[in-house]
Every structure is written in C-alpha cells, then in structure tokens.
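See structure below.
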Amino acid sequence: MGEPSQPAIAALFELILARAPRIHCLTNTVADTFTANGLLAVGAIPSMTREVTEVGELVASSDGLLVNLGTVGSGGRDGAEQAVTVARARAVPWVLDPVFVDRSPTRATVATNLIAHGPTVLRCNAAEQLALGATPTGLVLAVTGPADRIRLGDRVQTIATGDPMMARTTATGCLASALVTAAVAVWPDPFEATVLSLAGFGQAGAVAAQQAQGPGTFPAVLLDCLARLSVL
C-alpha cells in the first residue's frame with residue numbers, strides 16, 4: 001500500500017459517519033470522556049461499561065471492541081476476558097492497547113493472555129512492543145510514535161504525521177486505538193483500516209496543533225478537526 005491518499009482517508013471516515021458503528025470501549029479511566037467524544041466526533045457510537053455482568057451483552061451488540069489496559073485492575077481483567085471471549089464468538093473485530101506493559105510484568109501477562117484470543121489489531125508504542133516480544137502472525141501490529149509503523153505479514157506502512165503536541169495531552173493514544181477500532185469495524189481490510197485511521201488521526205492532530213493555543217485548548221480543537229475528516 002502506498003502513502004495514504006487524502007481521498008482514501010476521507011472515504012474511510014465517510015464510511016464511519018455513514019455506518020455509525022457501535023464501539024464498546026474498555027479503556028483507561030482517565031480517557032473515558034475524551035475517547036467517547038472522539039468516537040462521537042467521527043460518527044461512531046461509544047459504550048464504556050466495564051461491568052462483568054453486562055459487558056458481554058454490550059460487546060455482542062457492538063460492531064467493534066477496544067481493550068485498553070491503562071487501568072486494568074482485577075475487575076478490568078475479568079471484564080476484558082469476558083469481552084474478548086464474546087467478541088471472538090461473535091466475530092466482532094477488536095483492538096488491544098497494552099498500555100504500560102513495559103512497566104508492569106503483571107500487566108504484560110494479562111496482555112499476553114489476551115493476545116492469545118486473537119485481536120484484529122495490536123496498537124502500542126515501541127517500548128510496549130519490546131516488552132511483549134514477538135507477536136503472532138495474522139494480526140495487524142501498529143507501533144505508534146513520532147512515526148507510526150503498521151505491519152501485517154509482509155505488508156508494511158510507515159506514516160509520519162501528527163505533532164509533538166499530541167504527546168502533551170492525556171488520552172490521545174487511547175483515542176487513536178478507539179479510532180482504529182471504528183475503522184476495522186467498517187473497512188473490510190484491517191491493515192488498510194489501521195493505516196488510514198492513524199493517518200487521518202495524525203493529520204487532525206497536526207492541524208489542531210497549529211490552531212490551538214496550547215495543551216489546554218488542543219483537545220477541543222482536535223475533536224473539531226476529527227469531525228471534519230470525512231470532508232478532507
């Protein structure tokens with residue numbers, strides 16, 4: 001796949017807007033609101049509960065699942081295991097974001113166990129990838145940072161978009177994973193979906209950084225830019 005084109009990025013976000021995929025998010029507690037608002041900005045429908053008693057029901061009626069290990073806890077582990085079991089049974093695409101597995105061996109074990117359930121996409125940073133070691137074939141590996149590198153088998157794409165401001169606001173990485181989830185929920189090729197969604201997110205971040213006055217105004221401007229991705 002060549003460098004993502006503007007029409008291809010717009011086509012993805014037009015499809016998200018048209019399909020309004022239901023995305024269930026098990027995510028970092030500090031990221032709940034920003035993640036939900038980011039999904040709403042692009043036209044997806046978020047749900048956020050971690051309750052084991054109902055998480056399976058919500059995943060079963062969703063089009064995509066995000067599992068973010070930012071604040072996993074014991075209840076979060078049980079909810080994640082329930083969620084991915086249902087996702088696998090219902091063929092719901094899901095994305096794993098193994099936050100800080102490089103700093104917690106316990107969390108790395110949780111992530112390794114979840115990877116055995118076969119996520120569609122594993123989105124992490126370079127330190128997290130190193131902590132997890134080799135990943136199974138068949139999943140999309142997206143290692144994000146100053147330049148994002150996406151791999152599926154022998155398909156490799158590097159994207160150099162975004163802005164350093166994105167690292168100065170909490171939950172931007174969590175939102176990136178949520179947007180990838182919305183993309184794989186509607187786009188038939190998960191590799192292309194990951195590339196196009198991360199490229200669009202990077203472009204929105206670059207524009208937002210130019211327009212914002214600093215890290216305080218940046219999140220609101222970023223949401224406005226995300227809402228315009230379908231009309232690039």
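Letters for chains follow the order of the structure tokens (A, B, ...), residue numbers begin at 1 for each chain, and ligand numbers begin at 1 in the order shown.
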Show me a table, sorted first by chain and then by increasing residue number, of the residues of segment 31-116 of chain A having an atom at most 8 Å from segment 162-172 of chain A, each with its shortest atom pair and the distance in Å to one decimal, counting only C-alpha atoms and written as CSV.
residue,atom,partner,partner_atom,distance
A:Ala31,CA,A:Ala171,CA,5.0
A:Phe34,CA,A:Ala171,CA,6.9
A:Thr35,CA,A:Ala171,CA,7.3
With N, CA and C atoms retained, write the just-selected residues as a PDB file, in the first residue's frame.
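result.pdb, freshly written:
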ATOM      1  N   ALA A  31      -9.278   8.291  30.321  1.00  0.00           N
ATOM      2  CA  ALA A  31      -9.523   8.501  28.900  1.00  0.00           C
ATOM      3  C   ALA A  31     -10.979   8.330  28.493  1.00  0.00           C
ATOM      4  N   PHE A  34     -12.769  11.585  26.850  1.00  0.00           N
ATOM      5  CA  PHE A  34     -12.115  12.017  25.616  1.00  0.00           C
ATOM      6  C   PHE A  34     -12.276  10.975  24.516  1.00  0.00           C
ATOM      7  N   THR A  35     -12.151   9.701  24.878  1.00  0.00           N
ATOM      8  CA  THR A  35     -12.332   8.630  23.908  1.00  0.00           C
ATOM      9  C   THR A  35     -13.753   8.620  23.364  1.00  0.00           C
TER      10      THR A  35
END
**Prompt:** Neighbours of Glu57 of chain A within 10 Å (only C-alpha atoms; same-chain residues fewer than 4 positions away dropped), as an MDAnalysis selection string?
**Reply:** chainID A and resid 52:53 61:62 82:83 86
What does the file look like for those residues with C-alpha atoms, as a PDB file, in the first residue's frame?
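Saved file again_4.pdb follows:
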ATOM      1  CA  VAL A  52     -18.683  -8.063  34.023  1.00  0.00           C
ATOM      2  CA  THR A  53     -22.429  -8.667  34.362  1.00  0.00           C
ATOM      3  CA  SER A  61     -24.413  -5.979  20.121  1.00  0.00           C
ATOM      4  CA  SER A  62     -21.353  -3.941  19.087  1.00  0.00           C
ATOM      5  CA  GLN A  82     -15.370 -11.762  29.057  1.00  0.00           C
ATOM      6  CA  ALA A  83     -15.382  -9.116  26.338  1.00  0.00           C
ATOM      7  CA  VAL A  86     -17.736 -12.776  23.263  1.00  0.00           C
TER       8      VAL A  86
END
Within 12 Å of segment 217-231 of chain A, which residues of segment 40-152 of chain A show up? Give each one with its shortest atom-to-atom distance in Å (one decimal) and the two atoms involved, counting only C-alpha atoms, rows by chain then rising residue number, as JSON lines.
{"residue": "A:Leu40", "atom": "CA", "partner": "A:Ala227", "partner_atom": "CA", "distance": 8.4}
{"residue": "A:Ala41", "atom": "CA", "partner": "A:Ala227", "partner_atom": "CA", "distance": 4.7}
{"residue": "A:Val42", "atom": "CA", "partner": "A:Ala227", "partner_atom": "CA", "distance": 5.1}
{"residue": "A:Gly43", "atom": "CA", "partner": "A:Ala227", "partner_atom": "CA", "distance": 7.9}
{"residue": "A:Ala44", "atom": "CA", "partner": "A:Ala227", "partner_atom": "CA", "distance": 10.8}
Residue subset to file, keeping N, CA, C and O atoms, as an mmCIF file, in the first residue's frame:
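Below is the file that was written, part_30.cif:
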data_model
loop_
_atom_site.group_PDB
_atom_site.id
_atom_site.type_symbol
_atom_site.label_atom_id
_atom_site.label_comp_id
_atom_site.auth_asym_id
_atom_site.auth_seq_id
_atom_site.Cartn_x
_atom_site.Cartn_y
_atom_site.Cartn_z
ATOM 1 N N LEU A 40 -17.576 9.920 18.977
ATOM 2 C CA LEU A 40 -18.768 10.664 18.558
ATOM 3 C C LEU A 40 -18.426 11.683 17.468
ATOM 4 O O LEU A 40 -19.214 11.904 16.540
ATOM 5 N N ALA A 41 -17.254 12.305 17.557
ATOM 6 C CA ALA A 41 -16.863 13.316 16.576
ATOM 7 C C ALA A 41 -16.780 12.745 15.168
ATOM 8 O O ALA A 41 -17.086 13.434 14.189
ATOM 9 N N VAL A 42 -16.370 11.475 15.047
ATOM 10 C CA VAL A 42 -16.260 10.878 13.710
ATOM 11 C C VAL A 42 -17.515 10.118 13.307
ATOM 12 O O VAL A 42 -17.582 9.544 12.214
ATOM 13 N N GLY A 43 -18.518 10.084 14.198
ATOM 14 C CA GLY A 43 -19.790 9.463 13.842
ATOM 15 C C GLY A 43 -20.020 8.079 14.400
ATOM 16 O O GLY A 43 -21.045 7.462 14.108
ATOM 17 N N ALA A 44 -19.096 7.567 15.224
ATOM 18 C CA ALA A 44 -19.289 6.260 15.853
ATOM 19 C C ALA A 44 -20.104 6.418 17.137
ATOM 20 O O ALA A 44 -20.289 7.529 17.635
#
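Backbone DSSP of segment 54-164 of chain A yields strand (DSSP E) at Gly64, Leu65, Leu66, Val67, Asn68, Trp94, Val95, Leu96, Asp97, Val121, Leu122, Arg123, Cys124, Val140, Leu141, Ala142, Val143, Asp148, Arg149, Ile150, Arg151, Leu152, Arg155, Val156, Gln157, Thr158 and Ile159 of chain A.
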Closest atom pairs, segment 132-184 of chain A residues within 12 Å of segment 91-105 of chain A, only C-alpha atoms, as a tab-separated table:
residue	atom	partner	partner_atom	distance
A:Leu132	CA	A:Val101	CA	7.4
A:Gly133	CA	A:Asp102	CA	10.5
A:Leu139	CA	A:Val95	CA	9.7
A:Val140	CA	A:Val95	CA	9.3
A:Leu141	CA	A:Leu96	CA	10.0
A:Ala142	CA	A:Asp97	CA	9.9
A:Val143	CA	A:Asp97	CA	10.4
A:Thr144	CA	A:Asp97	CA	11.0
A:Ala171	CA	A:Val99	CA	10.9
A:Gly173	CA	A:Asp97	CA	8.8
A:Cys174	CA	A:Asp97	CA	7.5
A:Leu175	CA	A:Asp97	CA	10.3
A:Ala176	CA	A:Asp97	CA	9.7
A:Ser177	CA	A:Asp97	CA	6.7
A:Ala178	CA	A:Val95	CA	8.0
A:Leu179	CA	A:Val95	CA	10.0
A:Val180	CA	A:Val95	CA	7.6
A:Thr181	CA	A:Val95	CA	5.9
A:Ala182	CA	A:Pro93	CA	9.4
A:Ala183	CA	A:Pro93	CA	9.9
A:Val184	CA	A:Pro93	CA	6.7
**Asked** Mind pulling up the distance from atom CA of Arg155 of chain A to atom CA of Leu69 of chain A?
**Response** 26.9 Å
**Message:** To test your reading of the structure, identify every residue in segment 98-152 of chain A that backbone DSSP assigns to helix (DSSP H, G or I), and report it as a ChimeraX atom specification.
**Reply:** /A:105-115,126-132
Output N, CA and C atoms of each residue in that selection to a file, as a CSV table (one decimal), in the first residue's frame.
chain,number,residue,atom,x,y,z
A,105,PRO,N,5.2,-6.2,34.8
A,105,PRO,CA,5.1,-7.6,34.3
A,105,PRO,C,3.8,-8.2,34.5
A,106,THR,N,3.0,-7.8,35.6
A,106,THR,CA,1.7,-8.4,35.7
A,106,THR,C,0.8,-8.0,34.6
A,107,ARG,N,0.9,-6.7,34.2
A,107,ARG,CA,0.1,-6.3,33.1
A,107,ARG,C,0.5,-6.9,31.8
A,108,ALA,N,1.8,-7.1,31.6
A,108,ALA,CA,2.3,-7.8,30.4
A,108,ALA,C,1.7,-9.2,30.3
A,109,THR,N,1.6,-9.9,31.4
A,109,THR,CA,1.0,-11.2,31.4
A,109,THR,C,-0.5,-11.2,31.0
A,110,VAL,N,-1.2,-10.2,31.5
A,110,VAL,CA,-2.6,-10.0,31.1
A,110,VAL,C,-2.7,-9.8,29.6
A,111,ALA,N,-1.8,-8.9,29.1
A,111,ALA,CA,-1.8,-8.6,27.6
A,111,ALA,C,-1.5,-9.9,26.8
A,112,THR,N,-0.5,-10.7,27.3
A,112,THR,CA,-0.1,-11.9,26.5
A,112,THR,C,-1.3,-12.9,26.5
A,113,ASN,N,-2.0,-13.0,27.6
A,113,ASN,CA,-3.2,-13.9,27.6
A,113,ASN,C,-4.3,-13.4,26.7
A,114,LEU,N,-4.4,-12.1,26.6
A,114,LEU,CA,-5.5,-11.5,25.7
A,114,LEU,C,-5.1,-11.7,24.3
A,115,ILE,N,-3.8,-11.6,24.0
A,115,ILE,CA,-3.3,-11.7,22.6
A,115,ILE,C,-3.6,-13.1,22.1
A,126,ALA,N,6.8,1.7,21.0
A,126,ALA,CA,7.9,0.8,20.8
A,126,ALA,C,8.3,0.1,22.1
A,127,ALA,N,8.3,0.8,23.2
A,127,ALA,CA,8.6,0.1,24.5
A,127,ALA,C,7.7,-1.0,24.8
A,128,GLU,N,6.4,-0.8,24.6
A,128,GLU,CA,5.4,-1.8,24.8
A,128,GLU,C,5.6,-3.0,23.9
A,129,GLN,N,5.9,-2.8,22.7
A,129,GLN,CA,6.2,-3.9,21.7
A,129,GLN,C,7.4,-4.7,22.2
A,130,LEU,N,8.4,-4.0,22.6
A,130,LEU,CA,9.6,-4.7,23.1
A,130,LEU,C,9.3,-5.6,24.3
A,131,ALA,N,8.5,-5.1,25.2
A,131,ALA,CA,8.1,-5.9,26.4
A,131,ALA,C,7.3,-7.1,26.1
A,132,LEU,N,6.5,-7.0,25.0
A,132,LEU,CA,5.6,-8.1,24.7
A,132,LEU,C,6.4,-9.2,23.8
**Message:** Let me make sure I understand: among A:Ala8, A:Ala206, A:Gly118, A:Ile150, which one has the smallest atom-to-atom distance to Thr137 of chain A if we use only C-alpha atoms?
**Reply:** A:Gly118
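Those residues that approach Ala11 of chain A to within 12 Å, counting only C-alpha atoms, are Pro4, Ser5, Gln6, Pro7, Leu15, Ile16, Leu17, Ala18, Ala183, Val186, Trp187, Glu192, Ala193, Leu196, Ser197, Gly200, Leu229, Ser230, Val231 and Leu232 of chain A; same-chain residues fewer than 4 positions away are not listed.
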